[in-house]
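Data block below; observations after.
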Amino acid sequence: MDEGALERALLSRVNNLVIELCETRRTINLMEVCGTHTMAISGFGIRRAVDPRLRLLSGPGCPVCVTAQAEIDAAIGIAGEQGVAVVTFGDMMRVPGTRTSLEHEKAIGADVRVVYSPLDAMRLAEAEPDRQFVFLGVGFETTAPTVAATVIAAQESKVSNFYVLSMFKTIPRALEAIASSDRVNVDGFILPGHVSTIIGTRPYEFLRDKYHLPSCVVGFEALDVLQGIHMLLEQVKSGPRVEIQYTRSVKPEGNRTAIQVMETVFEPGDAEWRGLGTIRGSGLGFRQGFREFDARKRFRIAELRTPNAKRQTRCRCGDVMLGVIVPPECKLFAKTCSPESPVGPCMVSTEGACAAYYKYER
């Protein structure tokens, strides 16, 4: 059977299960918590192909989208310091803070540079010892080990003008915030493939044990996503488990080497998520022994934030990332908010839910 026939067969099985399950319920809500899944579900047309009673919701899985407005303000504040360069991945440039963005600050003279890896940022620091370089540590458990390895390399090489502004967030604590929320109605989670390659599946077991919710780590091809959805629907029918569809990459124990590197440099701390607020223990701060690289201590971040920071827009990115609404339900969607003129981060990032709907589902 060719791939197209397999996809059609799986889609039929998914929709038959939805019909069966919806004899006793109105809808089934599954949430993906990975920006790559968000794009795959929209790009492959899966949302449009499944029975409409199966609702596929986007959660807080886009690293740019969950970066808090105050964190953007802090990065912009650092970029305004004399003799300092802020170094980041390109997708952070257009994310709006309270009043401006890194892209705008660069246009009016701030030293903001784009790199493709944290090691590139460290090499910039080595090449220009008279300037201070601050790399923006954004993302989840997927990117944190690489940044941690760079910090270890900087310490071993005695690079004293390199810092990291840690804005990392960890996925399991965000899932718990969603699972325990009265605002959110989720029947199961499509777990992230990339993050799970690092941490494995054991950190998700509370979803089954405490909240009795199905979960499944899923790959990124159309067949992967359809098979993962089918596995989740079988769990809705028979009982929750923590399963792996993406077995070619993910093991229950994860990648112990990457975890060890991450835990050598970072320790759990509180983190502010755009849309979810502060979640205890969901961030990564520097451990004793590596705090010389902590930009929060070097630049007194709290003093750099914009006073009374709260951008007043009608943007509902927070509700989108909680699955409370889908992007077209935001009054700004495809009107005053578009990829060319984004109001919120979900329209900025190529992995954002609003950007995915704008590109594939209008």
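Order determines the names: the first chain of the structure tokens is A, the second B, and so forth; residues in each chain are numbered 1 upward, and ligands are numbered 1 upward as they are shown.
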- Task: Could you find all residues in region 150-277 of chain A that DSSP calls strand (DSSP E) from the backbone, and write them as a ChimeraX atom specification?
- Result: /A:162-166,188-191,215-217,242-244,266-273,277
Those residues with N, CA and C atoms, as a tab-separated table (two decimals), in the first residue's frame please?
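Below is the file that was written, selection_12.tsv:
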```tsv
chain	number	residue	atom	x	y	z
A	162	PHE	N	30.93	37.10	27.65
A	162	PHE	CA	29.81	36.36	27.06
A	162	PHE	C	28.78	36.04	28.14
A	163	TYR	N	27.52	36.38	27.89
A	163	TYR	CA	26.44	36.15	28.87
A	163	TYR	C	25.24	35.52	28.16
A	164	VAL	N	24.41	34.90	28.93
A	164	VAL	CA	23.16	34.34	28.40
A	164	VAL	C	21.99	34.90	29.21
A	165	LEU	N	21.00	35.44	28.52
A	165	LEU	CA	19.75	35.83	29.16
A	165	LEU	C	18.82	34.63	29.05
A	166	SER	N	18.74	33.86	30.14
A	166	SER	CA	17.96	32.62	30.10
A	166	SER	C	16.47	32.90	30.16
A	188	GLY	N	-6.76	15.20	25.60
A	188	GLY	CA	-5.51	14.48	25.38
A	188	GLY	C	-4.47	15.39	24.76
A	189	PHE	N	-3.20	14.99	24.89
A	189	PHE	CA	-2.11	15.83	24.39
A	189	PHE	C	-1.31	15.11	23.31
A	190	ILE	N	-1.06	15.80	22.20
A	190	ILE	CA	-0.07	15.38	21.21
A	190	ILE	C	1.26	15.94	21.70
A	191	LEU	N	2.10	15.08	22.27
A	191	LEU	CA	3.32	15.55	22.93
A	191	LEU	C	4.41	15.86	21.91
A	215	SER	N	-1.96	10.75	26.40
A	215	SER	CA	-0.87	11.52	25.80
A	215	SER	C	-0.06	10.60	24.89
A	216	CYS	N	0.53	11.21	23.87
A	216	CYS	CA	1.31	10.41	22.91
A	216	CYS	C	2.35	11.31	22.25
A	217	VAL	N	3.62	10.88	22.25
A	217	VAL	CA	4.67	11.59	21.53
A	217	VAL	C	4.56	11.23	20.05
A	242	VAL	N	0.74	6.79	28.49
A	242	VAL	CA	1.75	7.68	27.90
A	242	VAL	C	2.43	6.86	26.81
A	243	GLU	N	2.14	7.15	25.55
A	243	GLU	CA	2.62	6.33	24.45
A	243	GLU	C	3.60	7.10	23.57
A	244	ILE	N	4.33	6.34	22.79
A	244	ILE	CA	5.28	6.93	21.83
A	244	ILE	C	4.92	6.44	20.43
A	266	PHE	N	22.18	24.45	34.37
A	266	PHE	CA	20.92	25.09	34.77
A	266	PHE	C	20.22	24.32	35.89
A	267	GLU	N	19.40	25.04	36.63
A	267	GLU	CA	18.54	24.44	37.64
A	267	GLU	C	17.13	25.02	37.47
A	268	PRO	N	16.12	24.30	37.94
A	268	PRO	CA	14.74	24.79	37.76
A	268	PRO	C	14.51	26.11	38.49
A	269	GLY	N	13.73	26.97	37.86
A	269	GLY	CA	13.31	28.24	38.47
A	269	GLY	C	11.95	28.63	37.92
A	270	ASP	N	11.38	29.68	38.46
A	270	ASP	CA	10.08	30.13	37.97
A	270	ASP	C	10.25	30.80	36.61
A	271	ALA	N	9.22	30.76	35.81
A	271	ALA	CA	9.27	31.41	34.49
A	271	ALA	C	7.92	32.02	34.16
A	272	GLU	N	7.98	33.15	33.48
A	272	GLU	CA	6.76	33.81	33.02
A	272	GLU	C	6.48	33.41	31.58
A	273	TRP	N	5.30	32.90	31.33
A	273	TRP	CA	4.87	32.49	29.99
A	273	TRP	C	3.85	33.49	29.47
A	277	GLY	N	1.04	33.25	32.30
A	277	GLY	CA	1.53	33.86	33.54
A	277	GLY	C	2.75	33.12	34.07
```
Non-local contacts of Arg55 (chain A) (9 Å; only C-alpha atoms; under 6 positions in same chain excluded) as a PDB file with N, CA, C and O atoms, in the first residue's frame:
```pdb
ATOM      1  N   THR A  27     -17.775  16.831  21.545  1.00  0.00           N
ATOM      2  CA  THR A  27     -16.502  17.017  20.844  1.00  0.00           C
ATOM      3  C   THR A  27     -15.395  16.245  21.558  1.00  0.00           C
ATOM      4  O   THR A  27     -15.552  15.809  22.710  1.00  0.00           O
ATOM      5  N   ILE A  28     -14.279  16.082  20.863  1.00  0.00           N
ATOM      6  CA  ILE A  28     -13.050  15.565  21.461  1.00  0.00           C
ATOM      7  C   ILE A  28     -11.972  16.608  21.181  1.00  0.00           C
ATOM      8  O   ILE A  28     -11.717  16.966  20.023  1.00  0.00           O
ATOM      9  N   ASN A  29     -11.335  17.107  22.236  1.00  0.00           N
ATOM     10  CA  ASN A  29     -10.344  18.169  22.097  1.00  0.00           C
ATOM     11  C   ASN A  29      -8.944  17.613  22.343  1.00  0.00           C
ATOM     12  O   ASN A  29      -8.630  17.174  23.451  1.00  0.00           O
ATOM     13  N   LEU A  30      -8.122  17.618  21.305  1.00  0.00           N
ATOM     14  CA  LEU A  30      -6.722  17.215  21.444  1.00  0.00           C
ATOM     15  C   LEU A  30      -5.840  18.439  21.228  1.00  0.00           C
ATOM     16  O   LEU A  30      -6.076  19.229  20.317  1.00  0.00           O
ATOM     17  N   MET A  31      -4.831  18.582  22.068  1.00  0.00           N
ATOM     18  CA  MET A  31      -3.947  19.751  21.981  1.00  0.00           C
ATOM     19  C   MET A  31      -2.536  19.329  21.623  1.00  0.00           C
ATOM     20  O   MET A  31      -1.972  18.444  22.263  1.00  0.00           O
ATOM     21  N   ARG A  47      -6.499  19.148   9.862  1.00  0.00           N
ATOM     22  CA  ARG A  47      -7.650  19.704  10.591  1.00  0.00           C
ATOM     23  C   ARG A  47      -8.900  19.726   9.715  1.00  0.00           C
ATOM     24  O   ARG A  47     -10.017  19.492  10.171  1.00  0.00           O
TER      25      ARG A  47
END
```
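Counting only C-alpha atoms, Val225 (chain A) has the following residues at most 10 Å away, ignoring those fewer than 4 positions along the same chain: Glu7, His37, Ala40, Ile41, Phe44, Ile46, Ile190, Val217, Val218, Gly219, Phe220, Glu221, Ile229, His230, Met231, Gln245 and Tyr246 of chain A.
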Selection: 9 Å around region 167-178 of chain A, only C-alpha atoms, excl. self and same-chain fewer than 5 positions, as an mmCIF file with N, CA, C and O atoms, in the first residue's frame:
```cif
data_model
loop_
_atom_site.group_PDB
_atom_site.id
_atom_site.type_symbol
_atom_site.label_atom_id
_atom_site.label_comp_id
_atom_site.auth_asym_id
_atom_site.auth_seq_id
_atom_site.Cartn_x
_atom_site.Cartn_y
_atom_site.Cartn_z
ATOM 1 N N VAL A 33 1.433 20.498 21.515
ATOM 2 C CA VAL A 33 2.262 21.465 22.240
ATOM 3 C C VAL A 33 3.651 21.542 21.600
ATOM 4 O O VAL A 33 4.666 21.515 22.274
ATOM 5 N N GLY A 59 -1.366 24.468 21.533
ATOM 6 C CA GLY A 59 -0.969 24.862 22.885
ATOM 7 C C GLY A 59 0.291 25.700 22.874
ATOM 8 O O GLY A 59 0.712 26.208 21.832
ATOM 9 N N PRO A 60 0.919 25.837 24.044
ATOM 10 C CA PRO A 60 2.100 26.705 24.176
ATOM 11 C C PRO A 60 3.371 25.994 23.733
ATOM 12 O O PRO A 60 4.291 25.800 24.538
ATOM 13 N N GLY A 61 3.461 25.632 22.443
ATOM 14 C CA GLY A 61 4.620 24.872 21.978
ATOM 15 C C GLY A 61 5.533 25.627 21.042
ATOM 16 O O GLY A 61 6.501 25.067 20.539
ATOM 17 N N PRO A 63 8.309 28.366 20.811
ATOM 18 C CA PRO A 63 9.193 29.049 21.776
ATOM 19 C C PRO A 63 9.139 30.560 21.691
ATOM 20 O O PRO A 63 9.236 31.241 22.731
ATOM 21 N N VAL A 66 5.695 31.945 23.390
ATOM 22 C CA VAL A 66 5.519 31.928 24.847
ATOM 23 C C VAL A 66 6.468 32.880 25.564
ATOM 24 O O VAL A 66 6.358 33.072 26.775
ATOM 25 N N THR A 67 7.400 33.487 24.834
ATOM 26 C CA THR A 67 8.312 34.444 25.466
ATOM 27 C C THR A 67 7.518 35.655 25.930
ATOM 28 O O THR A 67 6.802 36.284 25.155
ATOM 29 N N ALA A 68 7.649 35.991 27.191
ATOM 30 C CA ALA A 68 6.816 37.034 27.784
ATOM 31 C C ALA A 68 7.212 38.415 27.281
ATOM 32 O O ALA A 68 8.373 38.677 26.944
ATOM 33 N N GLU A 71 10.059 39.897 29.052
ATOM 34 C CA GLU A 71 11.372 39.368 28.667
ATOM 35 C C GLU A 71 11.896 40.071 27.412
ATOM 36 O O GLU A 71 13.092 40.353 27.297
ATOM 37 N N LEU A 136 20.422 35.551 23.698
ATOM 38 C CA LEU A 136 19.074 35.320 24.224
ATOM 39 C C LEU A 136 18.780 33.817 24.214
ATOM 40 O O LEU A 136 18.627 33.215 23.142
ATOM 41 N N GLY A 137 18.689 33.230 25.384
ATOM 42 C CA GLY A 137 18.403 31.800 25.520
ATOM 43 C C GLY A 137 16.909 31.560 25.502
ATOM 44 O O GLY A 137 16.241 31.648 26.531
ATOM 45 N N VAL A 138 16.385 31.272 24.323
ATOM 46 C CA VAL A 138 14.933 31.112 24.130
ATOM 47 C C VAL A 138 14.635 29.686 23.705
ATOM 48 O O VAL A 138 15.375 29.102 22.906
ATOM 49 N N GLY A 139 13.551 29.144 24.208
ATOM 50 C CA GLY A 139 13.120 27.827 23.761
ATOM 51 C C GLY A 139 12.864 26.882 24.923
ATOM 52 O O GLY A 139 12.707 27.300 26.076
ATOM 53 N N PHE A 140 12.852 25.595 24.588
ATOM 54 C CA PHE A 140 12.495 24.564 25.567
ATOM 55 C C PHE A 140 13.695 23.641 25.808
ATOM 56 O O PHE A 140 14.835 24.009 25.532
ATOM 57 N N GLU A 141 13.425 22.444 26.277
ATOM 58 C CA GLU A 141 14.486 21.475 26.563
ATOM 59 C C GLU A 141 15.243 21.089 25.284
ATOM 60 O O GLU A 141 16.312 20.486 25.363
ATOM 61 N N THR A 143 16.585 23.209 23.010
ATOM 62 C CA THR A 143 17.731 24.094 22.773
ATOM 63 C C THR A 143 18.590 24.308 24.008
ATOM 64 O O THR A 143 19.774 24.649 23.875
ATOM 65 N N ALA A 144 18.044 24.123 25.185
ATOM 66 C CA ALA A 144 18.792 24.407 26.407
ATOM 67 C C ALA A 144 20.097 23.602 26.523
ATOM 68 O O ALA A 144 21.122 24.155 26.959
ATOM 69 N N ARG A 183 -10.171 26.786 32.780
ATOM 70 C CA ARG A 183 -10.497 27.468 31.513
ATOM 71 C C ARG A 183 -10.323 26.562 30.302
ATOM 72 O O ARG A 183 -10.847 26.849 29.236
ATOM 73 N N VAL A 184 -9.537 25.515 30.473
ATOM 74 C CA VAL A 184 -9.133 24.715 29.318
ATOM 75 C C VAL A 184 -9.813 23.355 29.362
ATOM 76 O O VAL A 184 -9.891 22.723 30.408
ATOM 77 N N ASN A 185 -10.306 22.928 28.205
ATOM 78 C CA ASN A 185 -10.988 21.642 28.099
ATOM 79 C C ASN A 185 -10.231 20.770 27.098
ATOM 80 O O ASN A 185 -10.438 20.868 25.889
ATOM 81 N N VAL A 186 -9.313 19.950 27.592
ATOM 82 C CA VAL A 186 -8.472 19.123 26.736
ATOM 83 C C VAL A 186 -8.678 17.659 27.107
ATOM 84 O O VAL A 186 -8.655 17.286 28.279
ATOM 85 N N PHE A 189 -3.200 14.993 24.891
ATOM 86 C CA PHE A 189 -2.110 15.826 24.392
ATOM 87 C C PHE A 189 -1.311 15.107 23.315
ATOM 88 O O PHE A 189 -0.899 13.950 23.501
ATOM 89 N N PRO A 192 5.295 16.811 22.247
ATOM 90 C CA PRO A 192 6.295 17.277 21.278
ATOM 91 C C PRO A 192 7.376 16.239 21.001
ATOM 92 O O PRO A 192 7.947 15.650 21.917
ATOM 93 N N VAL A 195 11.273 17.908 21.922
ATOM 94 C CA VAL A 195 11.508 17.993 23.372
ATOM 95 C C VAL A 195 11.606 16.589 23.970
ATOM 96 O O VAL A 195 12.472 16.303 24.806
ATOM 97 N N PRO A 203 8.746 12.210 32.332
ATOM 98 C CA PRO A 203 8.233 13.451 32.939
ATOM 99 C C PRO A 203 6.764 13.730 32.637
ATOM 100 O O PRO A 203 6.183 14.632 33.235
ATOM 101 N N TYR A 204 6.158 12.980 31.705
ATOM 102 C CA TYR A 204 4.748 13.204 31.367
ATOM 103 C C TYR A 204 3.804 12.256 32.122
ATOM 104 O O TYR A 204 2.589 12.350 31.953
ATOM 105 N N PHE A 206 2.644 12.095 34.951
ATOM 106 C CA PHE A 206 1.630 12.705 35.824
ATOM 107 C C PHE A 206 0.324 12.948 35.061
ATOM 108 O O PHE A 206 -0.750 12.995 35.671
ATOM 109 N N LEU A 207 0.414 13.127 33.743
ATOM 110 C CA LEU A 207 -0.826 13.346 32.968
ATOM 111 C C LEU A 207 -1.759 12.147 33.099
ATOM 112 O O LEU A 207 -2.968 12.295 33.232
ATOM 113 N N TYR A 211 -4.044 13.293 36.290
ATOM 114 C CA TYR A 211 -5.146 13.956 35.583
ATOM 115 C C TYR A 211 -5.933 13.003 34.682
ATOM 116 O O TYR A 211 -6.911 13.407 34.064
ATOM 117 N N PRO A 268 16.120 24.298 37.944
ATOM 118 C CA PRO A 268 14.740 24.792 37.764
ATOM 119 C C PRO A 268 14.507 26.112 38.493
ATOM 120 O O PRO A 268 15.037 26.354 39.577
ATOM 121 N N ASP A 270 11.381 29.679 38.464
ATOM 122 C CA ASP A 270 10.079 30.129 37.973
ATOM 123 C C ASP A 270 10.251 30.804 36.615
ATOM 124 O O ASP A 270 11.311 31.361 36.309
ATOM 125 N N ALA A 271 9.217 30.763 35.807
ATOM 126 C CA ALA A 271 9.274 31.410 34.491
ATOM 127 C C ALA A 271 7.923 32.023 34.163
ATOM 128 O O ALA A 271 6.876 31.485 34.517
ATOM 129 N N GLU A 272 7.980 33.146 33.477
ATOM 130 C CA GLU A 272 6.756 33.805 33.023
ATOM 131 C C GLU A 272 6.485 33.414 31.581
ATOM 132 O O GLU A 272 7.344 33.560 30.721
ATOM 133 N N TRP A 273 5.295 32.899 31.329
ATOM 134 C CA TRP A 273 4.872 32.486 29.988
ATOM 135 C C TRP A 273 3.850 33.488 29.472
ATOM 136 O O TRP A 273 2.919 33.851 30.198
ATOM 137 N N LEU A 276 0.089 32.416 29.897
ATOM 138 C CA LEU A 276 -0.129 31.520 31.027
ATOM 139 C C LEU A 276 0.295 32.148 32.344
ATOM 140 O O LEU A 276 -0.047 31.641 33.408
ATOM 141 N N ILE A 279 4.684 30.328 35.962
ATOM 142 C CA ILE A 279 4.512 28.927 36.342
ATOM 143 C C ILE A 279 5.732 28.515 37.156
ATOM 144 O O ILE A 279 6.866 28.584 36.667
ATOM 145 N N ARG A 280 5.486 28.094 38.375
ATOM 146 C CA ARG A 280 6.595 27.752 39.265
ATOM 147 C C ARG A 280 7.380 26.552 38.723
ATOM 148 O O ARG A 280 6.807 25.560 38.275
ATOM 149 N N GLY A 281 8.699 26.691 38.786
ATOM 150 C CA GLY A 281 9.571 25.585 38.401
ATOM 151 C C GLY A 281 9.616 25.278 36.918
ATOM 152 O O GLY A 281 10.137 24.246 36.514
ATOM 153 N N SER A 282 9.088 26.184 36.083
ATOM 154 C CA SER A 282 9.011 25.891 34.651
ATOM 155 C C SER A 282 10.107 26.585 33.848
ATOM 156 O O SER A 282 10.080 26.550 32.618
ATOM 157 N N GLY A 283 11.061 27.217 34.527
ATOM 158 C CA GLY A 283 12.155 27.879 33.822
ATOM 159 C C GLY A 283 13.493 27.255 34.188
ATOM 160 O O GLY A 283 13.567 26.269 34.934
ATOM 161 N N LEU A 284 14.558 27.808 33.624
ATOM 162 C CA LEU A 284 15.905 27.325 33.908
ATOM 163 C C LEU A 284 16.786 28.510 34.280
ATOM 164 O O LEU A 284 16.996 29.417 33.460
ATOM 165 N N GLY A 285 17.300 28.509 35.505
ATOM 166 C CA GLY A 285 18.250 29.522 35.942
ATOM 167 C C GLY A 285 19.638 28.905 36.070
ATOM 168 O O GLY A 285 19.799 27.680 36.008
ATOM 169 N N LEU A 322 -3.756 28.739 24.923
ATOM 170 C CA LEU A 322 -4.440 27.898 25.907
ATOM 171 C C LEU A 322 -5.503 27.024 25.257
ATOM 172 O O LEU A 322 -6.151 26.224 25.927
#
```
- Choose the residue, out of A:Val324, A:Asp209, A:Val250, A:Arg316, that has the smallest atom-to-atom separation from Asp182 (chain A); count only C-alpha atoms.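 Of all the options, A:Val324 lies closest to Asp182 (chain A).
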- Item | Between CA of Gly200 (chain A) and CA of Glu253 (chain A) - distance in Å to one decimal | 4.8 Å
- Message: Report as an MDAnalysis selection string all protein, DNA and RNA residues lying within 8 Å of region 288-292 of chain A, evaluated on only C-alpha atoms, omitting residues in the same chain fewer than 4 positions from it.
- Response: chainID A and resid 151 163 265 297:298
- Task: Using only C-alpha atoms, determine which residues lie at most 6 Å from region 80-88 of chain A, disregarding the query and same-chain residues fewer than 3 positions distant; provide the list as a list of chain:residue names.
- Result: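 Near region 80-88 of chain A, the qualifying residues are A:Gly77, A:Asp111, A:Val112, A:Arg113, A:Val114, A:Val115, A:Arg131, A:Gln132, A:Phe133, A:Val134, A:Phe135, A:Leu136.
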Save the residues we just selected, N, CA and C atoms, as a PDB file, in the first residue's frame?
```pdb
ATOM      1  N   GLY A  77      16.121  46.453  26.636  1.00  0.00           N
ATOM      2  CA  GLY A  77      16.846  47.299  27.590  1.00  0.00           C
ATOM      3  C   GLY A  77      18.337  47.029  27.556  1.00  0.00           C
ATOM      4  N   ASP A 111      23.073  47.669  18.852  1.00  0.00           N
ATOM      5  CA  ASP A 111      23.900  46.571  18.329  1.00  0.00           C
ATOM      6  C   ASP A 111      23.181  45.252  18.602  1.00  0.00           C
ATOM      7  N   VAL A 112      22.380  44.824  17.652  1.00  0.00           N
ATOM      8  CA  VAL A 112      21.630  43.564  17.743  1.00  0.00           C
ATOM      9  C   VAL A 112      22.055  42.698  16.555  1.00  0.00           C
ATOM     10  N   ARG A 113      22.500  41.500  16.831  1.00  0.00           N
ATOM     11  CA  ARG A 113      23.033  40.649  15.773  1.00  0.00           C
ATOM     12  C   ARG A 113      22.295  39.307  15.738  1.00  0.00           C
ATOM     13  N   VAL A 114      22.182  38.738  14.555  1.00  0.00           N
ATOM     14  CA  VAL A 114      21.501  37.455  14.361  1.00  0.00           C
ATOM     15  C   VAL A 114      22.550  36.377  14.111  1.00  0.00           C
ATOM     16  N   VAL A 115      22.396  35.262  14.806  1.00  0.00           N
ATOM     17  CA  VAL A 115      23.298  34.118  14.633  1.00  0.00           C
ATOM     18  C   VAL A 115      22.466  32.859  14.401  1.00  0.00           C
ATOM     19  N   ARG A 131      33.800  44.367  23.811  1.00  0.00           N
ATOM     20  CA  ARG A 131      32.349  44.494  23.916  1.00  0.00           C
ATOM     21  C   ARG A 131      31.803  43.340  24.755  1.00  0.00           C
ATOM     22  N   GLN A 132      30.621  43.538  25.301  1.00  0.00           N
ATOM     23  CA  GLN A 132      29.937  42.475  26.036  1.00  0.00           C
ATOM     24  C   GLN A 132      28.817  41.915  25.153  1.00  0.00           C
ATOM     25  N   PHE A 133      28.727  40.603  25.111  1.00  0.00           N
ATOM     26  CA  PHE A 133      27.755  39.940  24.231  1.00  0.00           C
ATOM     27  C   PHE A 133      26.744  39.162  25.073  1.00  0.00           C
ATOM     28  N   VAL A 134      25.475  39.420  24.797  1.00  0.00           N
ATOM     29  CA  VAL A 134      24.393  38.751  25.530  1.00  0.00           C
ATOM     30  C   VAL A 134      23.581  37.923  24.544  1.00  0.00           C
ATOM     31  N   PHE A 135      23.617  36.610  24.698  1.00  0.00           N
ATOM     32  CA  PHE A 135      22.837  35.711  23.846  1.00  0.00           C
ATOM     33  C   PHE A 135      21.482  35.460  24.493  1.00  0.00           C
ATOM     34  N   LEU A 136      20.422  35.551  23.698  1.00  0.00           N
ATOM     35  CA  LEU A 136      19.074  35.320  24.224  1.00  0.00           C
ATOM     36  C   LEU A 136      18.780  33.817  24.214  1.00  0.00           C
TER      37      LEU A 136
END
```
- Hey, which of A:Arg274, A:Arg256, A:Arg25, A:Ile19 ends up closest to Asp51 (chain A)? Count only C-alpha atoms.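 Result for the nearest residue to Asp51 (chain A): A:Ile19.
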- Based on DSSP run over this structure's backbone, return all residues of region 119-347 of chain A in alpha helix (DSSP H), as a ChimeraX atom specification. /A:119-127,144-156,171-179,193-199,205-209,222-238,256-265,295-298,301-304,317-321,345-347
